[in-house]
Number of protein chains: 4
Amino acid sequence: MLIVMTQDATAAQIDAVRERVTQLGFQARPMPGEQRVAIGIVGNDGPVDGARFEGLPGVLQVIHVASPYKLVSREWHRDDTVVHLPNGATIGGRQICIMAGPCAVENREQLFETAESVARAGAVVLRGGAFKPRTSPYSFQGMGEPGLKLLAEARERFGLAVITEAIDEPSLDLVEHYADIIQLGARSMQNFALLRRAGRARKPVLLKRGLAATVREWLLAAEYILAEGNPEVILCERGIRSYDDATRNMLDVIAIPLVKQLSHLPVIADPSHGTGRRHLVGAASRAAIAADADGLLIEVHRQPDQAMSDGAQSLFPSQFVELMGEVRAVASAIGKTVQSPAVAAQ
Amino acid sequence: MLIVMTQDATAAQIDAVRERVTQLGFQARPMPGEQRVAIGIVGNDGPVDGARFEGLPGVLQVIHVASPYKLVSREWHRDDTVVHLPNGATIGGRQICIMAGPCAVENREQLFETAESVARAGAVVLRGGAFKPRTSPYSFQGMGEPGLKLLAEARERFGLAVITEAIDEPSLDLVEHYADIIQLGARSMQNFALLRRAGRARKPVLLKRGLAATVREWLLAAEYILAEGNPEVILCERGIRSYDDATRNMLDVIAIPLVKQLSHLPVIADPSHGTGRRHLVGAASRAAIAADADGLLIEVHRQPDQAMSDGAQSLFPSQFVELMGEVRAVASAIGKTVQSPAVAAQ
Amino acid sequence: MLIVMTQDATAAQIDAVRERVTQLGFQARPMPGEQRVAIGIVGNDGPVDGARFEGLPGVLQVIHVASPYKLVSREWHRDDTVVHLPNGATIGGRQICIMAGPCAVENREQLFETAESVARAGAVVLRGGAFKPRTSPYSFQGMGEPGLKLLAEARERFGLAVITEAIDEPSLDLVEHYADIIQLGARSMQNFALLRRAGRARKPVLLKRGLAATVREWLLAAEYILAEGNPEVILCERGIRSYDDATRNMLDVIAIPLVKQLSHLPVIADPSHGTGRRHLVGAASRAAIAADADGLLIEVHRQPDQAMSDGAQSLFPSQFVELMGEVRAVASAIGKTVQSPAVAAQ
Amino acid sequence: MLIVMTQDATAAQIDAVRERVTQLGFQARPMPGEQRVAIGIVGNDGPVDGARFEGLPGVLQVIHVASPYKLVSREWHRDDTVVHLPNGATIGGRQICIMAGPCAVENREQLFETAESVARAGAVVLRGGAFKPRTSPYSFQGMGEPGLKLLAEARERFGLAVITEAIDEPSLDLVEHYADIIQLGARSMQNFALLRRAGRARKPVLLKRGLAATVREWLLAAEYILAEGNPEVILCERGIRSYDDATRNMLDVIAIPLVKQLSHLPVIADPSHGTGRRHLVGAASRAAIAADADGLLIEVHRQPDQAMSDGAQSLFPSQFVELMGEVRAVASAIGKTVQSPAVAAQ
């Protein structure tokens with residue numbers, strides 16, 4: 001940490017800062033410049049809160065040097081984390097994992113038809129929401145536990161693993177029971193109680209980036225989960241809020257390689273929410289894979305124009321087949337392969 | 001709702017949209033233009049999801065016309081909502097309500113000294129966090145229930161009402177028991193389970209705007225609370241995320257009069273989080289009051305440079321006294337008064 | 001400047017950075033921490049570009065300590081700059097300056113009627129665009145020089161000073177000739193050739209903040225003007241781009257006191273562009289004055305619903321009269337006065 | 001255009017709007033809903049400014065339906081525009097065009113060494129700034145005309161075409177004379193005088209997206225150029241401003257396929273400015289190509305750590321060789337090829 005003093009800070013003010021540093025058990029290293037003094041703090045890569053200094057007289061700015069997260073950082077854990085699922089699928093490493101399915105589970109027929117089509121096309125994980133966080137209290141909120149049961153049935157039938165969202169602690173209990181991956185959505189990224197509960201779960205957690213979260217906040221949210229003992233966290237870039245309404249969200253494709261440099265955790269992309277428009281999902285998927293994403297989470301619906309939510313961004317099954325071909329080609333171009341259900345089912 | 005067709009949409013595509021509208025129980029009103037056709041939907045101010053049309057062939061855009069919220073809207077409830085507190089203080093109407101106190105309750109001495117000083121200066125509500133949502137798992141997380149008990153004691157001693165934050169359902173149970181206003185923070189604005197629980201509480205709820213929430217999303221979050229039966233919601237503008245790090249957040253002062261035009265709910269400002277810098281809190285407070293805020297939520301600490309959190313934005317007690325004088329002058333200039341503890345205690 | 005090394009930087013990498021610092025004529029001050037080394041640079045408050053270090057092996061981050069601007073900074077020029085206009089009006093100091101008029105000069109009748117009404121209500125500067133920067137090439141682009149002549153005539157008739165926008169060098173030549181203040185719009189804030197030309201003008205310059213400019217970039221743009229020899233710069237906050245389309249722009253009210261702390265230049269607000277909605281202009285004006293703005297730039301049109309541009313944000317003359325009363329009351333509450341044409345004309 | 005009335009608009013107010021529509025020469029189509037009335041305007045796909053209605057009593061909202069640009073739109077020009085350069089290189093279509101070179105021309109040796117290395121690696125266009133728009137007046141501003149002469153010499157020597165930035169009209173005159181493509185930077189995107197001048201140039205224009213420009217504004221800026229008669233415009237996505245400082249800008253990769261759907265103009269990406277960090281340029285380049293970019297504009301410097309500007313984002317020549325391999329592989333995966341200098345030189 002570095003404390004920068006104002007140009008007209010007095011010697012007494014500088015001494016007061018040094019004393020505070022020492023009181024807190026650290027060492028102060030003054031660095032006189034031509035215009036102002038800065039004071040380095042040594043031995044502080046942990047609990048010191050910069051706010052303890054920001055308010056002192058004569059202090060212009062407090063600068064943090066060390067990264068605030070530890071368990072998620074690649075600095076301390078060089079090798080990629082690879083998450084293993086019961087059906088043999090993996091997330092992380094050289095094999096790309098495709099997750100697909102409807103936005104929401106609506107009924108058995110809709111789910112099973114969609115599941116069958118995505119499995120045939122090459123997905124190894126089935127997505128489908130049973131608990132839906134909705135901006136309006138008047139929108140469809142999901143089927144709840146009966147939806148989870150349908151997902152579990154579909155898993156057995158098609159050899160897929162299942163991912164579905166938990167939105168609070170009761171739903172997390174159920175999701176942990178029925179699913180293979182617990183999804184935490186963008187609006188829950190800083191629901192710290194839920195992060196802690198997910199950290200005590202015995203299933204991997206997929207953590208979506210918040211609507212306006214910085215990469216640093218996202219990694220700190222993951223740190224909450226790891227700090228409770230669950231090392232199996234998958235990060236998911238799903239688009240951030242921007243000033244341009246040309247797309248629903250702005251998919252921050254470059255956050256994928258950036259996070260993979262900062263952290264050992266696997267990172268996947270959600271091109272469906274990331275764009276909000278079906279005709280952009282293909283390009284977004286190719287871009288994410290080319291940028292080194294470990295997988296994709298894609299909305300597919302047997303009849304998108306009948307979907308109860310997010311129909312505009314859901315692919316038709318035939319579009320998903322085409323997409324899989326494109327993704328395999330791009331993956332191959334960068335020396336990776338896309339996991340196939342056969343491999344996954346072994 | 002208005003469905004805009006592409007310039008080259010075929011007659012069959014237009015018919016398909018009309019049919020879909022009719023199937024859903026509404027009336028379609030085609031509006032042929034020189035370049036393209038638009039189709040109005042009549043009778044739809046409720047459950048129709050635009051996504052049901054966005055995916056149809058030939059559809060360029062779906063435009064929502066009616067506002068998506070009802071209970072919070074001034075269109076349906078002309079008079080200002082006024083929230084009454086046990087100590088006689090009110091929020092809403094012509095009398096401004098000042099809430100002040102430390103960011104976090106740290107111990108009895110810190111809380112009581114600060115509470116006494118803010119009460120003397122004219123605050124009628126005491127703030128202080130016992131449950132702190134923190135970006136990092138390694139930051140101070142608050143005292144919990146013992147902090148709430150201290151707040152309740154301070155209430156009795158100084159004639160103040162108490163506001164404090166709940167971060168999950170268990171803490172909300174406790175906050176409902178001990179405090180007079182349940183605060184939901186920016187990170188909880190779309191924690192829908194918590195909003196619903198707050199809607200079943202028997203205490204008023206202060207709902208902060210999310211970090212990157214639109215005014216529409218904020219009002220819909222409030223709608224969740226009202227829809228569960230709790231009409232006493234106070235909105236709090238606390239700064240949104242911007243691209244400029246010159247301040248901690250960007251206080252959206254103009255959102256205050258905008259929301260007061262759209263909704264009957266009282267709106268207050270948090271100039272402490274809204275700026276993140278002590279030397280801007282005064283100007284931000286004056287601006288918010290001049291823009292018609294119904295109150296302020298201000299961080300004051302007896303020794304900000306010793307504070308365990310948010311020291312840089314907390315006022316010294318003497319600064320708060322000065323601020324109160326400025327706020328009274330501005331309130332008077334716009335024909336309002338600032339509630340005094342005497343009035344509140346009657 | 002501070003150069004932070006990665007946790008695993010080698011001694012050779014650290015030496016290479018020190019050597020580079022020395023080569024550039026500065027002194028390197030290594031600051032070993034427990035986890036990593038940082039290197040301070042002394043004597044660099046000027047030309048060193050951090051990019052000279054960012055690319056070196058082992059460098060994690062380069063942190064700038066000194067502010068990058070000089071002439072505009074209050075650190076080096078404590079007293080407020082006060083700009084004097086020919087009609088006796090001033091901008092800066094304790095007297096607030098109100099500028100008002102139509103968005104665009106449309107014809108003599110429209111301009112003169114509006115000018116008369118704003119002068120009567122208390123404005124001392126007349127605004128009106130003759131050169132309009134428009135997003136679309138198909139929108140009305142302004143009357144050009146004939147519009148400037150009308151403005152100059154109106155100045156004589158009503159005792160007002162005149163402000164109008166220049167959009168390129170030829171129009172700046174004309175504006176410098178006819179007007180009293182040269183306005184540079186948000187889209188020109190980083191038109192560096194135009195800034196330099198304005199720096200050689202013999203008239204004061206009003207510099208609007210760019211659509212997504214940081215405070216630092218805004219002050220550096222002003223620095224361009226001062227560096228060419230023109231010390232009379234007035235800054236104008238006019239709203240920045242945000243993710244919420246509830247208003248046309250987001251007026252960053254708090255930037256006003258912030259910039260006044262960082263710089264000695266006067267700062268005014270444009271509540272018309274800052275909100276884009278007539279029914280918010282009053283609250284925005286009061287907030288800006290309460291936050292210490294030195295003046296306001298307001299769109300008034302004798303018939304806003306007939307205006308050729310920005311009709312939705314222009315006030316009716318009667319609304320402007322009402323606004324002036326509110327602004328005087330708020331100004332008085334913070335110990336300032338609003339200049340009256342009488343005072344200005346003395 | 002659609003005019004939405006407030007829920008309590010009177011019949012007289014509705015009539016007033018209809019009358020205004022008729023006065024302006026269009027037809028009004030009222031669309032009564034259950035809660036409110038909307039009025040469609042037919043025959044208006046041109047000059048009508050929505051602001052003419054926004055200010056009328058009883059009007060809630062004005063909604064634009066038709067796209068505001070024409071010449072750049074794919075609706076009216078289905079086929080891709082392909083720009084041809086003197087050295088045989090093309091931009092647009094199935095062949096990808098790579099532009100590379102230093103941020104700034106610094107001297108003959110630096111330029112020629114870099115040019116030779118990028119030509120060998122497969123670039124067909126040489127970039128290099130002679131006029132640099134800089135945020136601070138104290139930063140290096142470029143070599144000016146001598147830099148352009150060096151670029152022209154390098155073109156002859158290495159068979160490359162040349163692209164370089166113009167920042168005002170005098171520099172545009174020179175760039176038009178010496179270079180093959182005139183680059184307009186992000187800060188000039190709404191310098192409308194410069195856009196018009198570029199529209200009268202006899203060379204292709206590369207138009208970068210503004211720092212916070214919407215896709216719509218970007219296309220309208222291009223429309224300015226086409227409207228003056230120059231059909232050869234290349235769009236360049238270079239990253240937008242975001243709230244996260246983890247990268248210099250946020251490369252909006254998905255804007256590439258979106259713009260290619262809306263417009264027939266070629267679109268390339270600048271992964272160097274788009275990320276600001278050398279170690280992200282590779283991933284960003286692959287992503288842009290996978291998302292259907294028609295080319296890349298990349299900063300390469302023979303010694304990035306000695307560069308006078310943007311060193312942190314410039315590639316070493318060996319990294320550029322590696323990048324070209326990756327780009328060729330991804331291009332091939334999506335059925336495209338990367339132009340080779342041999343092809344270009346034919």
# chains A, B, ... in the order shown; residues from 1 in each chain; ligands from 1

$ interface_residues --of "chain C" --to "chain B" --cutoff "6 Å" --atoms "only C-alpha atoms" --output "PyMOL selection string"
chain C and resi 214+244+283+286-287+290-291+329-330+333

$ closest_atom_pairs --of "stretch 255-345 of chain B" --to "stretch 91-95 of chain B" --cutoff "8 Å" --atoms "only C-alpha atoms" --output "JSON lines"
{"residue": "B:Leu265", "atom": "CA", "partner": "B:Gly92", "partner_atom": "CA", "distance": 7.5}
{"residue": "B:Pro266", "atom": "CA", "partner": "B:Gly92", "partner_atom": "CA", "distance": 4.8}
{"residue": "B:Val267", "atom": "CA", "partner": "B:Gly92", "partner_atom": "CA", "distance": 7.6}
{"residue": "B:Asp294", "atom": "CA", "partner": "B:Gly92", "partner_atom": "CA", "distance": 5.5}
{"residue": "B:Gly295", "atom": "CA", "partner": "B:Ile91", "partner_atom": "CA", "distance": 7.1}
{"residue": "B:Gly335", "atom": "CA", "partner": "B:Arg94", "partner_atom": "CA", "distance": 8.0}
{"residue": "B:Lys336", "atom": "CA", "partner": "B:Arg94", "partner_atom": "CA", "distance": 5.3}
{"residue": "B:Thr337", "atom": "CA", "partner": "B:Gln95", "partner_atom": "CA", "distance": 5.1}
{"residue": "B:Val338", "atom": "CA", "partner": "B:Gln95", "partner_atom": "CA", "distance": 5.5}
{"residue": "B:Gln339", "atom": "CA", "partner": "B:Gln95", "partner_atom": "CA", "distance": 5.8}

$ write_last_selection --atoms "C-alpha atoms" --output "compact mmCIF listing (two decimals), in the first residue's frame"
# COMPACT_ATOMS: atom_id res chain seq x y z
CA LEU B 265 -42.72 7.02 -2.61
CA PRO B 266 -40.33 9.21 -0.60
CA VAL B 267 -36.77 9.48 -1.95
CA ASP B 294 -37.07 13.96 1.34
CA GLY B 295 -34.08 13.32 3.53
CA GLY B 335 -40.14 26.11 1.19
CA LYS B 336 -39.39 23.08 3.32
CA THR B 337 -38.21 22.60 6.87
CA VAL B 338 -35.84 20.13 8.45
CA GLN B 339 -37.42 18.08 11.21

$ residues_around --residues "D:Ser136" --least-positions-apart "6" --cutoff "9 Å" --atoms "only C-alpha atoms" --output "PyMOL selection string"
chain C and resi 68-69+217+220-221+223-224

$ write_last_selection --atoms "C-alpha atoms" --output "mmCIF file, in the first residue's frame"
data_model
loop_
_atom_site.group_PDB
_atom_site.id
_atom_site.type_symbol
_atom_site.label_atom_id
_atom_site.label_comp_id
_atom_site.auth_asym_id
_atom_site.auth_seq_id
_atom_site.Cartn_x
_atom_site.Cartn_y
_atom_site.Cartn_z
ATOM 1 C CA PRO C 68 -0.873 15.728 -14.936
ATOM 2 C CA TYR C 69 -2.122 19.310 -15.285
ATOM 3 C CA GLU C 217 -9.408 14.599 -19.211
ATOM 4 C CA LEU C 220 -6.337 18.501 -19.426
ATOM 5 C CA ALA C 221 -8.459 19.827 -22.291
ATOM 6 C CA GLU C 223 -4.912 22.953 -19.946
ATOM 7 C CA TYR C 224 -4.519 22.970 -23.764
#

$ select_by_dssp --residues "stretch 121-332 of chain D" --states "alpha helix (DSSP H)" --output "number ranges by chain"
D: 121, 145-158, 169-178, 192-199, 215-227, 255-262, 271-275, 278-290, 317-332

$ closest_residue --among "C:Arg200, C:Tyr138, C:Asp310, C:Ala115" --to "C:Pro231" --atoms "only C-alpha atoms"
C:Arg200

$ residues_around --residues "D:Ile167" --least-positions-apart "5" --cutoff "7 Å" --atoms "only C-alpha atoms" --output "PyMOL selection string"
chain D and resi 131+133+172+184

$ closest_residue --among "A:Ser117, A:Ser272, A:Ser263, A:Ser340" --to "A:Asp80" --atoms "only C-alpha atoms"
A:Ser263

$ residues_around --residues "stretch 82-86 of chain C" --least-positions-apart "2" --cutoff "12 Å" --atoms "only C-alpha atoms" --output "PyMOL selection string"
chain C and resi 79-80+88-97+124-125+155-156+159-163+179-182+202-206+230-235+264-267+294-295+344-346

$ select_by_dssp --residues "stretch 148-197 of chain C" --states "strand (DSSP E)" --output "CSV table (one decimal) with C-alpha atoms, in the first residue's frame"
chain,number,residue,atom,x,y,z
C,161,ALA,CA,-23.4,39.5,-23.4
C,162,VAL,CA,-23.4,36.8,-26.0
C,163,ILE,CA,-22.2,33.2,-25.9
C,164,THR,CA,-22.4,30.9,-28.9
C,165,GLU,CA,-20.8,27.7,-30.1
C,181,ILE,CA,-17.8,34.0,-25.0
C,182,ILE,CA,-16.7,31.2,-27.4
C,183,GLN,CA,-18.5,28.0,-26.5
C,184,LEU,CA,-16.8,24.6,-27.3

$ atom_distance --atom1 "atom CA of A:Lys70" --atom2 "atom CA of C:Asp15"
27.5 Å

$ residues_around --residues "stretch 316-318 of chain A" --least-positions-apart "4" --cutoff "9 Å" --atoms "only C-alpha atoms" --output "list of chain:residue names"
A:Thr114, A:Ser117, A:Val118, A:Ala121, A:Arg278, A:Val300, A:His301, A:Arg302, A:Gln303, A:Pro304, A:Glu322, A:Leu323

$ atom_distance --atom1 "atom CA of B:Asp305" --atom2 "atom CA of A:Glu54"
7.7 Å
